[in-house]
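Enquirer: One file is attached below, structure_13.pdb, containing PDB, C-alpha atoms and all ligand atoms.
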ATOM      1  CA  MET A  30      98.668  99.170  79.041
ATOM      2  CA  ASP A  31      96.463  98.463  75.986
ATOM      3  CA  ILE A  32      93.166 100.227  76.467
ATOM      4  CA  SER A  33      90.055 101.023  74.487
ATOM      5  CA  ILE A  34      87.398 103.652  74.998
ATOM      6  CA  GLU A  35      84.361 104.694  73.032
ATOM      7  CA  LEU A  36      83.986 108.276  71.831
ATOM      8  CA  PHE A  37      81.166 109.430  69.516
ATOM      9  CA  ASN A  38      80.391 105.768  68.692
ATOM     10  CA  VAL A  39      83.970 105.109  67.608
ATOM     11  CA  LEU A  40      86.220 102.629  69.361
ATOM     12  CA  ILE A  41      89.534 104.319  70.135
ATOM     13  CA  ARG A  42      92.304 101.903  71.088
ATOM     14  CA  VAL A  43      95.870 102.202  72.302
ATOM     15  CA  LEU A  44      98.056  99.226  71.440
ATOM     16  CA  GLN A  45     101.709  98.794  72.168
ATOM     17  CA  GLY A  46     103.491  96.978  69.347
ATOM     18  CA  ASP A  47     104.280  96.801  65.669
ATOM     19  CA  ILE A  48     101.846  98.571  63.327
ATOM     20  CA  THR A  49     102.626  96.159  60.487
ATOM     21  CA  ARG A  50     100.681  93.485  62.419
ATOM     22  CA  CYS A  51      97.467  95.534  62.428
ATOM     23  CA  LYS A  52      94.420  94.310  60.547
ATOM     24  CA  THR A  53      92.770  97.628  59.791
ATOM     25  CA  ASP A  54      91.462  99.036  56.496
ATOM     26  CA  ILE A  55      94.216 101.639  56.630
ATOM     27  CA  ILE A  56      97.693 101.521  58.108
ATOM     28  CA  VAL A  57      99.258 104.971  58.366
ATOM     29  CA  ASN A  58     102.940 105.439  57.600
ATOM     30  CA  ALA A  59     105.118 108.249  58.962
ATOM     31  CA  ALA A  60     106.881 108.811  55.641
ATOM     32  CA  ASN A  61     109.259 111.491  54.399
ATOM     33  CA  THR A  62     108.775 113.954  51.542
ATOM     34  CA  SER A  63     110.637 111.740  49.053
ATOM     35  CA  LEU A  64     108.207 108.829  49.571
ATOM     36  CA  LEU A  65     111.163 106.557  48.883
ATOM     37  CA  GLY A  66     111.181 104.844  52.254
ATOM     38  CA  GLY A  67     113.368 105.405  55.275
ATOM     39  CA  GLY A  68     114.035 104.070  58.760
ATOM     40  CA  GLY A  69     111.708 103.592  61.702
ATOM     41  CA  VAL A  70     108.097 102.756  60.986
ATOM     42  CA  ASP A  71     108.571 103.634  57.286
ATOM     43  CA  GLY A  72     111.225 100.943  56.892
ATOM     44  CA  ALA A  73     109.115  98.419  58.804
ATOM     45  CA  ILE A  74     106.052  99.045  56.601
ATOM     46  CA  HIS A  75     107.995  98.713  53.348
ATOM     47  CA  ARG A  76     109.756  95.563  54.573
ATOM     48  CA  ALA A  77     106.578  93.868  55.720
ATOM     49  CA  GLY A  78     104.403  95.106  52.835
ATOM     50  CA  GLY A  79     106.843  94.245  50.049
ATOM     51  CA  PRO A  80     107.857  96.116  46.879
ATOM     52  CA  ALA A  81     104.335  96.953  45.655
ATOM     53  CA  ILE A  82     104.149  99.821  48.147
ATOM     54  CA  LEU A  83     107.350 101.424  46.879
ATOM     55  CA  GLU A  84     106.203 100.965  43.270
ATOM     56  CA  ASP A  85     103.043 102.968  44.052
ATOM     57  CA  CYS A  86     105.113 105.579  45.912
ATOM     58  CA  ILE A  87     107.388 106.006  42.907
ATOM     59  CA  ARG A  88     104.347 106.453  40.629
ATOM     60  CA  ILE A  89     103.033 109.195  42.931
ATOM     61  CA  ARG A  90     106.468 110.794  43.108
ATOM     62  CA  ASN A  91     106.781 110.837  39.324
ATOM     63  CA  LYS A  92     103.363 112.460  39.026
ATOM     64  CA  GLN A  93     103.480 115.038  41.817
ATOM     65  CA  GLY A  94     107.029 115.053  43.142
ATOM     66  CA  GLY A  95     106.674 113.374  46.513
ATOM     67  CA  CYS A  96     104.495 114.565  49.371
ATOM     68  CA  PRO A  97     104.725 117.874  51.259
ATOM     69  CA  VAL A  98     105.055 118.058  55.042
ATOM     70  CA  GLY A  99     101.520 117.825  56.441
ATOM     71  CA  GLY A 100     100.270 116.091  53.290
ATOM     72  CA  ALA A 101      98.970 112.542  52.831
ATOM     73  CA  VAL A 102      98.829 110.121  49.895
ATOM     74  CA  TYR A 103      97.671 106.525  49.662
ATOM     75  CA  THR A 104      99.064 103.358  48.109
ATOM     76  CA  THR A 105      98.319  99.673  48.108
ATOM     77  CA  ALA A 106      99.072  97.906  51.378
ATOM     78  CA  GLY A 107     100.925  95.147  49.477
ATOM     79  CA  LYS A 108     101.287  92.078  51.671
ATOM     80  CA  LEU A 109     100.036  93.833  54.799
ATOM     81  CA  ASP A 110      96.662  92.779  56.165
ATOM     82  CA  ALA A 111      95.117  96.139  55.249
ATOM     83  CA  GLN A 112      93.555  97.701  52.158
ATOM     84  CA  TYR A 113      95.678 100.815  51.933
ATOM     85  CA  VAL A 114      98.707 102.480  53.417
ATOM     86  CA  VAL A 115      98.275 106.218  53.879
ATOM     87  CA  HIS A 116     101.668 107.914  53.858
ATOM     88  CA  THR A 117     101.774 111.198  55.707
ATOM     89  CA  VAL A 118     104.818 113.377  56.264
ATOM     90  CA  GLY A 119     105.224 114.738  59.757
ATOM     91  CA  PRO A 120     107.284 117.831  60.560
ATOM     92  CA  VAL A 121     110.822 117.604  61.899
ATOM     93  CA  TRP A 122     110.836 119.190  65.388
ATOM     94  CA  ASN A 123     112.996 122.243  65.176
ATOM     95  CA  GLY A 124     112.402 124.022  68.465
ATOM     96  CA  GLY A 125     108.662 124.584  68.080
ATOM     97  CA  ASN A 126     108.660 127.931  66.276
ATOM     98  CA  HIS A 127     108.461 126.536  62.783
ATOM     99  CA  HIS A 128     104.752 125.646  62.659
ATOM    100  CA  GLU A 129     105.531 122.121  63.859
ATOM    101  CA  GLU A 130     102.344 121.755  65.906
ATOM    102  CA  GLU A 131     100.068 122.972  63.129
ATOM    103  CA  LEU A 132     101.842 120.778  60.582
ATOM    104  CA  LEU A 133     101.456 117.688  62.759
ATOM    105  CA  ALA A 134      97.744 118.459  63.214
ATOM    106  CA  THR A 135      97.478 118.795  59.429
ATOM    107  CA  CYS A 136      98.939 115.285  58.990
ATOM    108  CA  TYR A 137      96.153 113.817  61.106
ATOM    109  CA  ARG A 138      93.471 115.911  59.384
ATOM    110  CA  HIS A 139      94.591 115.039  55.854
ATOM    111  CA  THR A 140      94.984 111.367  56.720
ATOM    112  CA  LEU A 141      91.515 111.174  58.271
ATOM    113  CA  GLN A 142      90.010 113.002  55.291
ATOM    114  CA  LEU A 143      91.619 110.472  52.963
ATOM    115  CA  ALA A 144      90.294 107.621  55.122
ATOM    116  CA  LEU A 145      86.810 109.040  54.673
ATOM    117  CA  GLU A 146      87.234 109.257  50.903
ATOM    118  CA  LEU A 147      88.454 105.654  50.831
ATOM    119  CA  ASN A 148      85.395 104.536  52.852
ATOM    120  CA  ALA A 149      87.618 103.072  55.535
ATOM    121  CA  ARG A 150      86.038 101.743  58.701
ATOM    122  CA  SER A 151      89.251 101.248  60.664
ATOM    123  CA  ILE A 152      92.640 102.940  60.778
ATOM    124  CA  ALA A 153      95.904 102.456  62.672
ATOM    125  CA  PHE A 154      98.191 105.420  63.358
ATOM    126  CA  PRO A 155     101.836 105.327  64.456
ATOM    127  CA  ASN A 156     103.116 108.149  66.679
ATOM    128  CA  ILE A 157     103.978 110.407  63.745
ATOM    129  CA  SER A 158     107.141 112.544  64.078
ATOM    130  CA  THR A 159     108.085 111.229  67.528
ATOM    131  CA  GLY A 160     111.003 109.073  66.328
ATOM    132  CA  ILE A 161     113.745 110.339  64.057
ATOM    133  CA  TYR A 162     111.877 113.693  63.716
ATOM    134  CA  ARG A 163     112.124 114.289  67.514
ATOM    135  CA  PHE A 164     108.700 115.876  68.102
ATOM    136  CA  PRO A 165     108.053 115.947  71.884
ATOM    137  CA  LYS A 166     105.949 112.893  72.642
ATOM    138  CA  GLU A 167     103.481 114.462  75.034
ATOM    139  CA  LYS A 168     102.656 117.344  72.706
ATOM    140  CA  ALA A 169     102.365 114.940  69.779
ATOM    141  CA  ALA A 170      99.942 112.717  71.711
ATOM    142  CA  GLU A 171      97.780 115.729  72.615
ATOM    143  CA  ILE A 172      97.623 116.826  68.981
ATOM    144  CA  ALA A 173      96.822 113.308  67.741
ATOM    145  CA  ILE A 174      93.987 112.814  70.228
ATOM    146  CA  GLN A 175      92.615 116.301  69.671
ATOM    147  CA  GLU A 176      92.501 115.961  65.878
ATOM    148  CA  VAL A 177      90.982 112.484  65.960
ATOM    149  CA  THR A 178      88.348 113.605  68.469
ATOM    150  CA  ARG A 179      87.444 116.686  66.425
ATOM    151  CA  PHE A 180      87.182 114.610  63.285
ATOM    152  CA  ILE A 181      84.894 111.897  64.626
ATOM    153  CA  GLN A 182      82.664 114.544  66.174
ATOM    154  CA  LYS A 183      81.976 115.873  62.672
ATOM    155  CA  HIS A 184      82.206 112.823  60.410
ATOM    156  CA  THR A 185      80.737 109.348  60.455
ATOM    157  CA  GLY A 186      82.265 106.322  58.733
ATOM    158  CA  LEU A 187      85.174 105.238  60.878
ATOM    159  CA  ASN A 188      84.323 102.872  63.689
ATOM    160  CA  GLU A 189      87.770 101.954  64.984
ATOM    161  CA  ILE A 190      90.885 104.090  65.405
ATOM    162  CA  ILE A 191      94.037 102.533  66.830
ATOM    163  CA  PHE A 192      97.017 104.463  68.148
ATOM    164  CA  VAL A 193      99.872 101.995  67.791
ATOM    165  CA  CYS A 194     102.670 102.880  70.176
ATOM    166  CA  PHE A 195     106.013 101.259  69.613
ATOM    167  CA  ASP A 196     107.490 102.367  72.914
ATOM    168  CA  ILE A 197     106.108 102.114  76.420
ATOM    169  CA  GLU A 198     106.405 105.852  77.036
ATOM    170  CA  ASN A 199     104.014 106.656  74.191
ATOM    171  CA  ALA A 200     101.666 103.834  75.190
ATOM    172  CA  GLN A 201     101.453 105.247  78.723
ATOM    173  CA  LEU A 202     100.977 108.803  77.485
ATOM    174  CA  TYR A 203      98.164 107.892  75.109
ATOM    175  CA  SER A 204      96.426 105.655  77.639
ATOM    176  CA  ARG A 205      96.510 108.365  80.280
ATOM    177  CA  LYS A 206      95.347 111.135  77.968
ATOM    178  CA  LEU A 207      92.557 109.081  76.439
ATOM    179  CA  GLN A 208      91.293 107.964  79.836
ATOM    180  CA  SER A 209      91.136 111.559  81.016
ATOM    181  CA  SER A 210      89.434 112.782  77.828
ATOM    182  CA  LYS A 211      86.636 110.324  78.637
ATOM    183  CA  ASP A 212      86.065 111.602  82.188
TER     184      ASP A 212
HETATM  185  P1  LIG A 301     109.362 110.123  62.249
HETATM  186  O1  LIG A 301     110.444 110.369  61.232
HETATM  187  O2  LIG A 301     108.005 110.635  61.797
HETATM  188  O3  LIG A 301     109.756 110.547  63.617
HETATM  189  P2  LIG A 301     109.855 107.326  62.958
HETATM  190  O4  LIG A 301     109.531 106.114  62.164
HETATM  191  O5  LIG A 301     111.264 107.590  63.286
HETATM  192  O6  LIG A 301     109.163 108.533  62.167
HETATM  193  O7  LIG A 301     109.046 107.319  64.314
HETATM  194  C1  LIG A 301     107.656 107.497  64.417
HETATM  195  C2  LIG A 301     107.147 106.600  65.525
HETATM  196  O8  LIG A 301     107.007 105.278  65.022
HETATM  197  C3  LIG A 301     108.093 106.510  66.729
HETATM  198  O9  LIG A 301     107.332 106.659  67.914
HETATM  199  C4  LIG A 301     108.679 105.101  66.600
HETATM  200  O10 LIG A 301     108.988 104.549  67.870
HETATM  201  C5  LIG A 301     107.527 104.371  65.969
HETATM  202  N1  LIG A 301     107.810 103.100  65.286
HETATM  203  C6  LIG A 301     108.971 102.615  64.786
HETATM  204  N2  LIG A 301     108.776 101.393  64.248
HETATM  205  C7  LIG A 301     107.454 101.099  64.409
HETATM  206  C8  LIG A 301     106.621  99.981  64.079
HETATM  207  N3  LIG A 301     107.096  98.908  63.469
HETATM  208  N4  LIG A 301     105.298 100.038  64.442
HETATM  209  C9  LIG A 301     104.789 101.113  65.055
HETATM  210  N5  LIG A 301     105.506 102.196  65.380
HETATM  211  C10 LIG A 301     106.824 102.185  65.067
END
Once more with this new file: its structure as structure tokens, please.
Ligand code: ADP
Expert:
Amino acid sequence: MDISIELFNVLIRVLQGDITRCKTDIIVNAANTSLLGGGGVDGAIHRAGGPAILEDCIRIRNKQGGCPVGGAVYTTAGKLDAQYVVHTVGPVWNGGNHHEEELLATCYRHTLQLALELNARSIAFPNISTGIYRFPKEKAAEIAIQEVTRFIQKHTGLNEIIFVCFDIENAQLYSRKLQSSKD
């Protein structure tokens, strides 16, 4: 199921597995507005990365009061094999009439913008909002691929973008949609 395609000179990969094992300049976390850690991928990143990540999160929280939905902030990656963790806060799916799609797109845009500012070459994304926040997986995959594609069309710097899918359903969705975006 793992696939890779090239778009605008960037390698786009779909991997099924645990994002904390990725060796990319940036690992993206699907955080919550408190930045204090949670379940799902957030819990996994804090566990694997160690306390330095939470210490940075608390510093950010003390300075600017957490992170808004659609926003993105960065911290050390602690013990992870990455330079930074970018924490972005996806929207909770609440029926679809509460700007959820636009807010999810904003997460990807802000995270990619931050990656550019940090001179990152590679980045690994989880499937933001599709766990505890219940965003429909297919719609979320379309938004993720659309925002990444738009971004790399306009900006150079990144040469590898990995969509890390924890579950088989997301891995299949991303593989299918990426294959067809190439044709
Ligand atoms: P959200 O609150 O944004 O929905 P979750 O962490 O609940 O965040 O889920 C986001 C996605 O991350 C889900 O698709 C979930 O299956 C996935 N996920 C959970 N643990 C990991 C992990 N260790 N690596 C990669 N993805 C993960």
Enquirer: Report as JSON, numbers by chain which protein, DNA and RNA residues come within 8 Å of ligand LIG 301 (chain A), using all atoms listed in the file.
Expert: {"A": [46, 47, 48, 49, 59, 60, 61, 67, 68, 69, 70, 71, 72, 73, 74, 118, 119, 120, 121, 155, 156, 157, 158, 159, 160, 161, 162, 163, 164, 166, 193, 194, 195, 196, 199]}
Enquirer: As a check of understanding, name the residues that the PyMOL selection byres (((chain A and resi 100-113) around 9) and not hetatm) selects in the supplied structure, as a ChimeraX atom specification.
Expert: /A:49-57,62,74-75,77-86,89,96-99,114-119,132,135-137,139-140,143,147,149
Enquirer: Please measure the separation of CA of Phe37 (chain A) and CA of Phe154 (chain A), giving the value in Å to one decimal.
Expert: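 Pair CA of Phe37 (chain A) / CA of Phe154 (chain A) returns 18.5 Å.
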Enquirer: Of the candidates A:Leu141, A:Leu202, A:Ile191, A:Ile197, which shows the shortest atom-to-atom distance to Glu176 (chain A), using all atoms listed in the file?
Expert: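 Between A:Leu141, A:Leu202, A:Ile191, A:Ile197, the residue approaching Glu176 (chain A) most closely is A:Leu141.
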Enquirer: Just give me the gap between CA of Gly66 (chain A) and CA of Val43 (chain A) in Å, one decimal is fine.
Expert: 25.4 Å
Enquirer: Give the centre and edge lengths of an axis-aligned box, in Å to one decimal, that holds all listed atoms of region 82-94 of chain A with 5 Å on each side, as lines of an AutoDock Vina configuration file.
Expert:
center_x = 105.2
center_y = 107.4
center_z = 43.6
size_x = 14.4
size_y = 25.2
size_z = 19.1
Enquirer: Choose the residue, out of A:Lys92, A:Lys206, A:Lys168, A:His184, that has the smallest atom-to-atom separation from Glu146 (chain A); count only C-alpha atoms.
Expert: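 So, comparing all the options, the nearest one is A:His184.
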